[in-house]
Amino acid sequence: MTSFAQLKAFHALALELNFHRAAERLNLTQPAVSIQIKNLENDSRRSLFLRKGHTVALTDEGRSLLELTTKIFDAETQAQSMLSGHDKGLPRTLHLGADGPHIALDLIAMVQKQYPDVQFRVSLANAETTWQNLLSMRVDAAVMADAKADPRVITKTITNQSLMALVPEDHCLGTRQSVSFEDLSDCGLVMREHGSNTQRIVDEALVSRKMRPKIALVMGSREGVREAVARGLGVGFGFDQELGHDTRFVGIPILGFENSNADMLLCLRKQQSNLLVKMLFTAANKLNS
């Protein structure tokens, strides 16, 4: 018979996809988690995970069970909060995925002004990984740009941003009010990795113009791009609300790419009853107004 401890171990491993992190999440040893998972699969005669060293991936049956355990542990959290008298049954923790920190933190700040005891766990990744984390229910909601339409997902546009060319402060283009992609044809470019929404927009722009870029280097984060540009290693790309106040480089609007990036709040339809998710959407409406 399946035990609650087995379900807790399954849920932790399904969220973390790593035995070490699942053990830390549960404050158990890795062998203890492994035994619970092994017993659960043996007792149910179902394969829930595909194993590769200390990491795992969910099978189809594992994903189905994750949907159920998410409901179980969401209900447990709400019950504990209600019985302890906190926030009238409001869950205390929400796991938010994001492909960038800026808009996500604006939402969190707005929610926490009203509910200061609510805790957020934020997982930052590129757009592709953030999307997969949402679909696999590894996060409760997500903030990302230009999300594709999907009947499983509810979306709300929060804000629109414009694409900028990032050049070192002493660059010859640094005094320009705007530039085109053609203006950058002789520049070494600092690109993002595959899966980045920024890189997708840049790639589509270059292909449509039949341009062959001079790639100086590829960075795995927007912070890496900014640091590379600041050191004079090339010209990068970013969106206007992400640039901050770094005086080591200049952000120049790219013609034709004004408001080209729509930042959205997303959740699965099955997650829309989550009270904190509802509050995020309320905050998104306020930011968008």
# chains A, B, ... in the order shown; residues from 1 in each chain; ligands from 1

$ residues_around --residues "Leu280 in chain A" --least-positions-apart "2" --cutoff "10 Å" --atoms "only C-alpha atoms" --output "VMD selection string"
chain A and resid 96 104 107 to 108 110 to 111 141 to 142 265 to 267 275 to 278 282 to 286

$ write_last_selection --atoms "N, CA and C atoms" --output "PDB file, in the first residue's frame"
ATOM      1  N   LEU A  96       7.901  30.392  -8.419  1.00  0.00           N
ATOM      2  CA  LEU A  96       7.727  31.164  -9.650  1.00  0.00           C
ATOM      3  C   LEU A  96       8.912  30.945 -10.573  1.00  0.00           C
ATOM      4  N   ALA A 104       9.387  39.771 -12.892  1.00  0.00           N
ATOM      5  CA  ALA A 104       9.001  38.825 -11.840  1.00  0.00           C
ATOM      6  C   ALA A 104       9.116  39.469 -10.464  1.00  0.00           C
ATOM      7  N   LEU A 107       6.308  41.912  -9.702  1.00  0.00           N
ATOM      8  CA  LEU A 107       5.091  41.219  -9.277  1.00  0.00           C
ATOM      9  C   LEU A 107       5.193  40.771  -7.819  1.00  0.00           C
ATOM     10  N   ILE A 108       6.323  40.180  -7.487  1.00  0.00           N
ATOM     11  CA  ILE A 108       6.510  39.694  -6.121  1.00  0.00           C
ATOM     12  C   ILE A 108       6.431  40.843  -5.121  1.00  0.00           C
ATOM     13  N   MET A 110       4.819  43.593  -5.355  1.00  0.00           N
ATOM     14  CA  MET A 110       3.444  44.065  -5.222  1.00  0.00           C
ATOM     15  C   MET A 110       2.631  43.129  -4.329  1.00  0.00           C
ATOM     16  N   VAL A 111       2.811  41.819  -4.500  1.00  0.00           N
ATOM     17  CA  VAL A 111       2.083  40.860  -3.668  1.00  0.00           C
ATOM     18  C   VAL A 111       2.537  40.953  -2.212  1.00  0.00           C
ATOM     19  N   ALA A 141       3.762  29.073 -11.372  1.00  0.00           N
ATOM     20  CA  ALA A 141       3.452  30.078 -12.385  1.00  0.00           C
ATOM     21  C   ALA A 141       4.772  30.529 -12.982  1.00  0.00           C
ATOM     22  N   ALA A 142       4.702  31.297 -14.063  1.00  0.00           N
ATOM     23  CA  ALA A 142       5.932  31.729 -14.720  1.00  0.00           C
ATOM     24  C   ALA A 142       5.762  33.115 -15.318  1.00  0.00           C
ATOM     25  N   LEU A 265       2.610  36.846 -17.706  1.00  0.00           N
ATOM     26  CA  LEU A 265       2.443  35.948 -16.567  1.00  0.00           C
ATOM     27  C   LEU A 265       1.647  34.748 -17.043  1.00  0.00           C
ATOM     28  N   LEU A 266       2.104  33.552 -16.691  1.00  0.00           N
ATOM     29  CA  LEU A 266       1.462  32.329 -17.155  1.00  0.00           C
ATOM     30  C   LEU A 266       1.219  31.370 -15.999  1.00  0.00           C
ATOM     31  N   CYS A 267       0.151  30.600 -16.129  1.00  0.00           N
ATOM     32  CA  CYS A 267      -0.051  29.452 -15.245  1.00  0.00           C
ATOM     33  C   CYS A 267      -0.835  28.398 -16.010  1.00  0.00           C
ATOM     34  N   LEU A 275      -4.374  30.239  -4.661  1.00  0.00           N
ATOM     35  CA  LEU A 275      -4.648  31.598  -4.198  1.00  0.00           C
ATOM     36  C   LEU A 275      -3.515  32.565  -4.514  1.00  0.00           C
ATOM     37  N   LEU A 276      -2.276  32.117  -4.390  1.00  0.00           N
ATOM     38  CA  LEU A 276      -1.152  33.001  -4.694  1.00  0.00           C
ATOM     39  C   LEU A 276      -1.041  33.272  -6.186  1.00  0.00           C
ATOM     40  N   VAL A 277      -1.361  32.283  -6.992  1.00  0.00           N
ATOM     41  CA  VAL A 277      -1.378  32.503  -8.438  1.00  0.00           C
ATOM     42  C   VAL A 277      -2.426  33.557  -8.786  1.00  0.00           C
ATOM     43  N   LYS A 278      -3.587  33.474  -8.156  1.00  0.00           N
ATOM     44  CA  LYS A 278      -4.617  34.492  -8.380  1.00  0.00           C
ATOM     45  C   LYS A 278      -4.100  35.879  -8.014  1.00  0.00           C
ATOM     46  N   THR A 282      -3.683  39.338 -10.259  1.00  0.00           N
ATOM     47  CA  THR A 282      -4.202  40.644  -9.838  1.00  0.00           C
ATOM     48  C   THR A 282      -3.103  41.696  -9.903  1.00  0.00           C
ATOM     49  N   ALA A 283      -1.906  41.337  -9.436  1.00  0.00           N
ATOM     50  CA  ALA A 283      -0.775  42.257  -9.505  1.00  0.00           C
ATOM     51  C   ALA A 283      -0.402  42.566 -10.950  1.00  0.00           C
ATOM     52  N   ALA A 284      -0.475  41.551 -11.818  1.00  0.00           N
ATOM     53  CA  ALA A 284      -0.167  41.765 -13.238  1.00  0.00           C
ATOM     54  C   ALA A 284      -1.135  42.756 -13.864  1.00  0.00           C
ATOM     55  N   ASN A 285      -2.410  42.671 -13.489  1.00  0.00           N
ATOM     56  CA  ASN A 285      -3.398  43.628 -14.001  1.00  0.00           C
ATOM     57  C   ASN A 285      -3.053  45.046 -13.572  1.00  0.00           C
ATOM     58  N   LYS A 286      -2.576  45.204 -12.340  1.00  0.00           N
ATOM     59  CA  LYS A 286      -2.219  46.538 -11.850  1.00  0.00           C
ATOM     60  C   LYS A 286      -0.983  47.079 -12.563  1.00  0.00           C
TER      61      LYS A 286
END

$ residues_around --residues "Arg152 in chain A" --least-positions-apart "6" --cutoff "12 Å" --atoms "only C-alpha atoms" --output "ChimeraX atom specification"
/A:131,134-137,266-272

$ residues_around --residues "Gly236 in chain A" --least-positions-apart "5" --cutoff "6 Å" --atoms "only C-alpha atoms" --output "list in words"
Ala165, Leu166, Leu189 and Val190 of chain A

$ write_last_selection --atoms "C-alpha atoms" --output "CSV table (one decimal), in the first residue's frame"
chain,number,residue,atom,x,y,z
A,165,ALA,CA,21.7,47.2,-28.9
A,166,LEU,CA,24.2,47.2,-26.0
A,189,LEU,CA,28.2,40.3,-31.6
A,190,VAL,CA,27.8,38.9,-28.1

$ closest_residue --among "A:Gln199, A:Thr70, A:Ile252, A:Ala14" --to "Arg176 in chain A" --atoms "only C-alpha atoms"
A:Ile252

$ select_by_dssp --residues "range 231-279 of chain A" --states "strand (DSSP E or B)" --output "ChimeraX atom specification"
/A:235-239,249-254,261-268

$ closest_residue --among "A:Met211, A:Met144, A:Val167, A:Leu184" --to "Val225 in chain A" --atoms "only C-alpha atoms"
A:Val167

$ residues_around --residues "Val118 in chain A" --least-positions-apart "5" --cutoff "7 Å" --atoms "only C-alpha atoms" --output "VMD selection string"
chain A and resid 92 to 93 112

$ write_last_selection --atoms "C-alpha atoms" --output "CSV table (one decimal), in the first residue's frame"
chain,number,residue,atom,x,y,z
A,92,ARG,CA,2.8,30.5,2.4
A,93,THR,CA,5.1,29.6,-0.5
A,112,GLN,CA,4.4,41.1,-0.6

$ select_by_dssp --residues "range 27-199 of chain A" --states "alpha helix (DSSP H)" --output "PyMOL selection string"
chain A and resi 30-44+60-84+101-114+127-135+197-199

$ residues_around --residues "Glu258 in chain A" --least-positions-apart "2" --cutoff "9 Å" --atoms "only C-alpha atoms" --output "PyMOL selection string"
chain A and resi 160-164+253-256+260-261

$ write_last_selection --atoms "N, CA and C atoms" --output "PDB file, in the first residue's frame"
ATOM      1  N   ASN A 160       5.269  45.586 -22.356  1.00  0.00           N
ATOM      2  CA  ASN A 160       5.996  45.402 -23.613  1.00  0.00           C
ATOM      3  C   ASN A 160       7.324  46.139 -23.528  1.00  0.00           C
ATOM      4  N   GLN A 161       8.353  45.515 -24.084  1.00  0.00           N
ATOM      5  CA  GLN A 161       9.683  46.110 -24.048  1.00  0.00           C
ATOM      6  C   GLN A 161      10.257  46.213 -25.458  1.00  0.00           C
ATOM      7  N   SER A 162      11.209  47.117 -25.600  1.00  0.00           N
ATOM      8  CA  SER A 162      11.854  47.359 -26.897  1.00  0.00           C
ATOM      9  C   SER A 162      13.259  46.767 -26.903  1.00  0.00           C
ATOM     10  N   LEU A 163      13.647  46.220 -28.051  1.00  0.00           N
ATOM     11  CA  LEU A 163      14.970  45.625 -28.196  1.00  0.00           C
ATOM     12  C   LEU A 163      16.025  46.718 -28.330  1.00  0.00           C
ATOM     13  N   MET A 164      17.123  46.530 -27.601  1.00  0.00           N
ATOM     14  CA  MET A 164      18.208  47.508 -27.601  1.00  0.00           C
ATOM     15  C   MET A 164      19.511  46.835 -28.010  1.00  0.00           C
ATOM     16  N   PRO A 253      18.167  52.029 -28.895  1.00  0.00           N
ATOM     17  CA  PRO A 253      16.998  51.384 -29.513  1.00  0.00           C
ATOM     18  C   PRO A 253      17.299  50.908 -30.932  1.00  0.00           C
ATOM     19  N   ILE A 254      16.793  49.727 -31.278  1.00  0.00           N
ATOM     20  CA  ILE A 254      16.944  49.190 -32.626  1.00  0.00           C
ATOM     21  C   ILE A 254      15.675  49.489 -33.412  1.00  0.00           C
ATOM     22  N   LEU A 255      15.834  50.142 -34.545  1.00  0.00           N
ATOM     23  CA  LEU A 255      14.693  50.559 -35.359  1.00  0.00           C
ATOM     24  C   LEU A 255      13.843  49.359 -35.767  1.00  0.00           C
ATOM     25  N   GLY A 256      12.538  49.524 -35.631  1.00  0.00           N
ATOM     26  CA  GLY A 256      11.611  48.473 -36.018  1.00  0.00           C
ATOM     27  C   GLY A 256      11.342  47.447 -34.940  1.00  0.00           C
ATOM     28  N   SER A 260       8.720  45.162 -29.015  1.00  0.00           N
ATOM     29  CA  SER A 260       8.763  43.874 -29.725  1.00  0.00           C
ATOM     30  C   SER A 260       8.737  42.676 -28.784  1.00  0.00           C
ATOM     31  N   ASN A 261       8.765  42.934 -27.497  1.00  0.00           N
ATOM     32  CA  ASN A 261       8.849  41.853 -26.518  1.00  0.00           C
ATOM     33  C   ASN A 261       7.715  41.991 -25.511  1.00  0.00           C
TER      34      ASN A 261
END

$ closest_residue --among "A:Ala9, A:Arg248, A:Arg222, A:Asn259" --to "Ile35 in chain A" --atoms "only C-alpha atoms"
A:Ala9

$ decode --residues "range 118-144 of chain A" --atoms "N, CA and C atoms" --output "JSON list (two decimals), in the first residue's frame"
[["chain", "number", "residue", "atom", "x", "y", "z"],
["A", 118, "VAL", "N", 4.14, 35.93, 2.90],
["A", 118, "VAL", "CA", 4.22, 34.99, 1.78],
["A", 118, "VAL", "C", 5.66, 34.90, 1.28],
["A", 119, "GLN", "N", 6.12, 33.69, 1.06],
["A", 119, "GLN", "CA", 7.46, 33.46, 0.56],
["A", 119, "GLN", "C", 7.41, 33.02, -0.90],
["A", 120, "PHE", "N", 8.37, 33.48, -1.66],
["A", 120, "PHE", "CA", 8.49, 33.10, -3.07],
["A", 120, "PHE", "C", 9.82, 32.40, -3.30],
["A", 121, "ARG", "N", 9.77, 31.36, -4.07],
["A", 121, "ARG", "CA", 10.98, 30.72, -4.57],
["A", 121, "ARG", "C", 11.02, 30.98, -6.06],
["A", 122, "VAL", "N", 12.10, 31.58, -6.55],
["A", 122, "VAL", "CA", 12.18, 31.98, -7.95],
["A", 122, "VAL", "C", 13.26, 31.15, -8.66],
["A", 123, "SER", "N", 12.88, 30.52, -9.76],
["A", 123, "SER", "CA", 13.83, 29.77, -10.60],
["A", 123, "SER", "C", 14.03, 30.53, -11.90],
["A", 124, "LEU", "N", 15.24, 31.06, -12.08],
["A", 124, "LEU", "CA", 15.58, 31.80, -13.29],
["A", 124, "LEU", "C", 16.21, 30.86, -14.31],
["A", 125, "ALA", "N", 15.74, 30.94, -15.55],
["A", 125, "ALA", "CA", 16.28, 30.12, -16.64],
["A", 125, "ALA", "C", 15.93, 30.82, -17.95],
["A", 126, "ASN", "N", 16.42, 30.28, -19.06],
["A", 126, "ASN", "CA", 16.02, 30.88, -20.33],
["A", 126, "ASN", "C", 14.56, 30.54, -20.62],
["A", 127, "ALA", "N", 14.03, 31.13, -21.69],
["A", 127, "ALA", "CA", 12.60, 31.02, -21.98],
["A", 127, "ALA", "C", 12.18, 29.57, -22.21],
["A", 128, "GLU", "N", 12.99, 28.82, -22.93],
["A", 128, "GLU", "CA", 12.63, 27.43, -23.25],
["A", 128, "GLU", "C", 12.54, 26.58, -21.98],
["A", 129, "THR", "N", 13.53, 26.72, -21.10],
["A", 129, "THR", "CA", 13.52, 25.95, -19.86],
["A", 129, "THR", "C", 12.38, 26.38, -18.95],
["A", 130, "THR", "N", 12.12, 27.69, -18.89],
["A", 130, "THR", "CA", 11.02, 28.20, -18.06],
["A", 130, "THR", "C", 9.69, 27.64, -18.54],
["A", 131, "TRP", "N", 9.50, 27.59, -19.84],
["A", 131, "TRP", "CA", 8.26, 27.04, -20.42],
["A", 131, "TRP", "C", 8.11, 25.57, -20.04],
["A", 132, "GLN", "N", 9.16, 24.80, -20.16],
["A", 132, "GLN", "CA", 9.10, 23.38, -19.82],
["A", 132, "GLN", "C", 8.86, 23.18, -18.32],
["A", 133, "ASN", "N", 9.44, 24.03, -17.49],
["A", 133, "ASN", "CA", 9.21, 23.95, -16.05],
["A", 133, "ASN", "C", 7.74, 24.21, -15.72],
["A", 134, "LEU", "N", 7.12, 25.12, -16.46],
["A", 134, "LEU", "CA", 5.70, 25.41, -16.23],
["A", 134, "LEU", "C", 4.84, 24.21, -16.63],
["A", 135, "LEU", "N", 5.08, 23.67, -17.82],
["A", 135, "LEU", "CA", 4.27, 22.55, -18.30],
["A", 135, "LEU", "C", 4.42, 21.31, -17.44],
["A", 136, "SER", "N", 5.61, 21.10, -16.89],
["A", 136, "SER", "CA", 5.85, 19.92, -16.07],
["A", 136, "SER", "C", 5.50, 20.16, -14.60],
["A", 137, "MET", "N", 4.95, 21.34, -14.30],
["A", 137, "MET", "CA", 4.51, 21.70, -12.94],
["A", 137, "MET", "C", 5.66, 21.74, -11.95],
["A", 138, "ARG", "N", 6.85, 22.04, -12.42],
["A", 138, "ARG", "CA", 7.97, 22.26, -11.50],
["A", 138, "ARG", "C", 7.89, 23.65, -10.89],
["A", 139, "VAL", "N", 7.09, 24.53, -11.49],
["A", 139, "VAL", "CA", 6.80, 25.84, -10.91],
["A", 139, "VAL", "C", 5.29, 26.04, -10.90],
["A", 140, "ASP", "N", 4.80, 26.91, -10.03],
["A", 140, "ASP", "CA", 3.36, 27.17, -9.94],
["A", 140, "ASP", "C", 2.89, 28.15, -11.00],
["A", 141, "ALA", "N", 3.76, 29.07, -11.37],
["A", 141, "ALA", "CA", 3.45, 30.08, -12.38],
["A", 141, "ALA", "C", 4.77, 30.53, -12.98],
["A", 142, "ALA", "N", 4.70, 31.30, -14.06],
["A", 142, "ALA", "CA", 5.93, 31.73, -14.72],
["A", 142, "ALA", "C", 5.76, 33.12, -15.32],
["A", 143, "VAL", "N", 6.86, 33.84, -15.35],
["A", 143, "VAL", "CA", 6.93, 35.12, -16.06],
["A", 143, "VAL", "C", 7.94, 34.95, -17.18],
["A", 144, "MET", "N", 7.49, 35.12, -18.42],
["A", 144, "MET", "CA", 8.39, 34.97, -19.55],
["A", 144, "MET", "C", 7.87, 35.78, -20.74]]
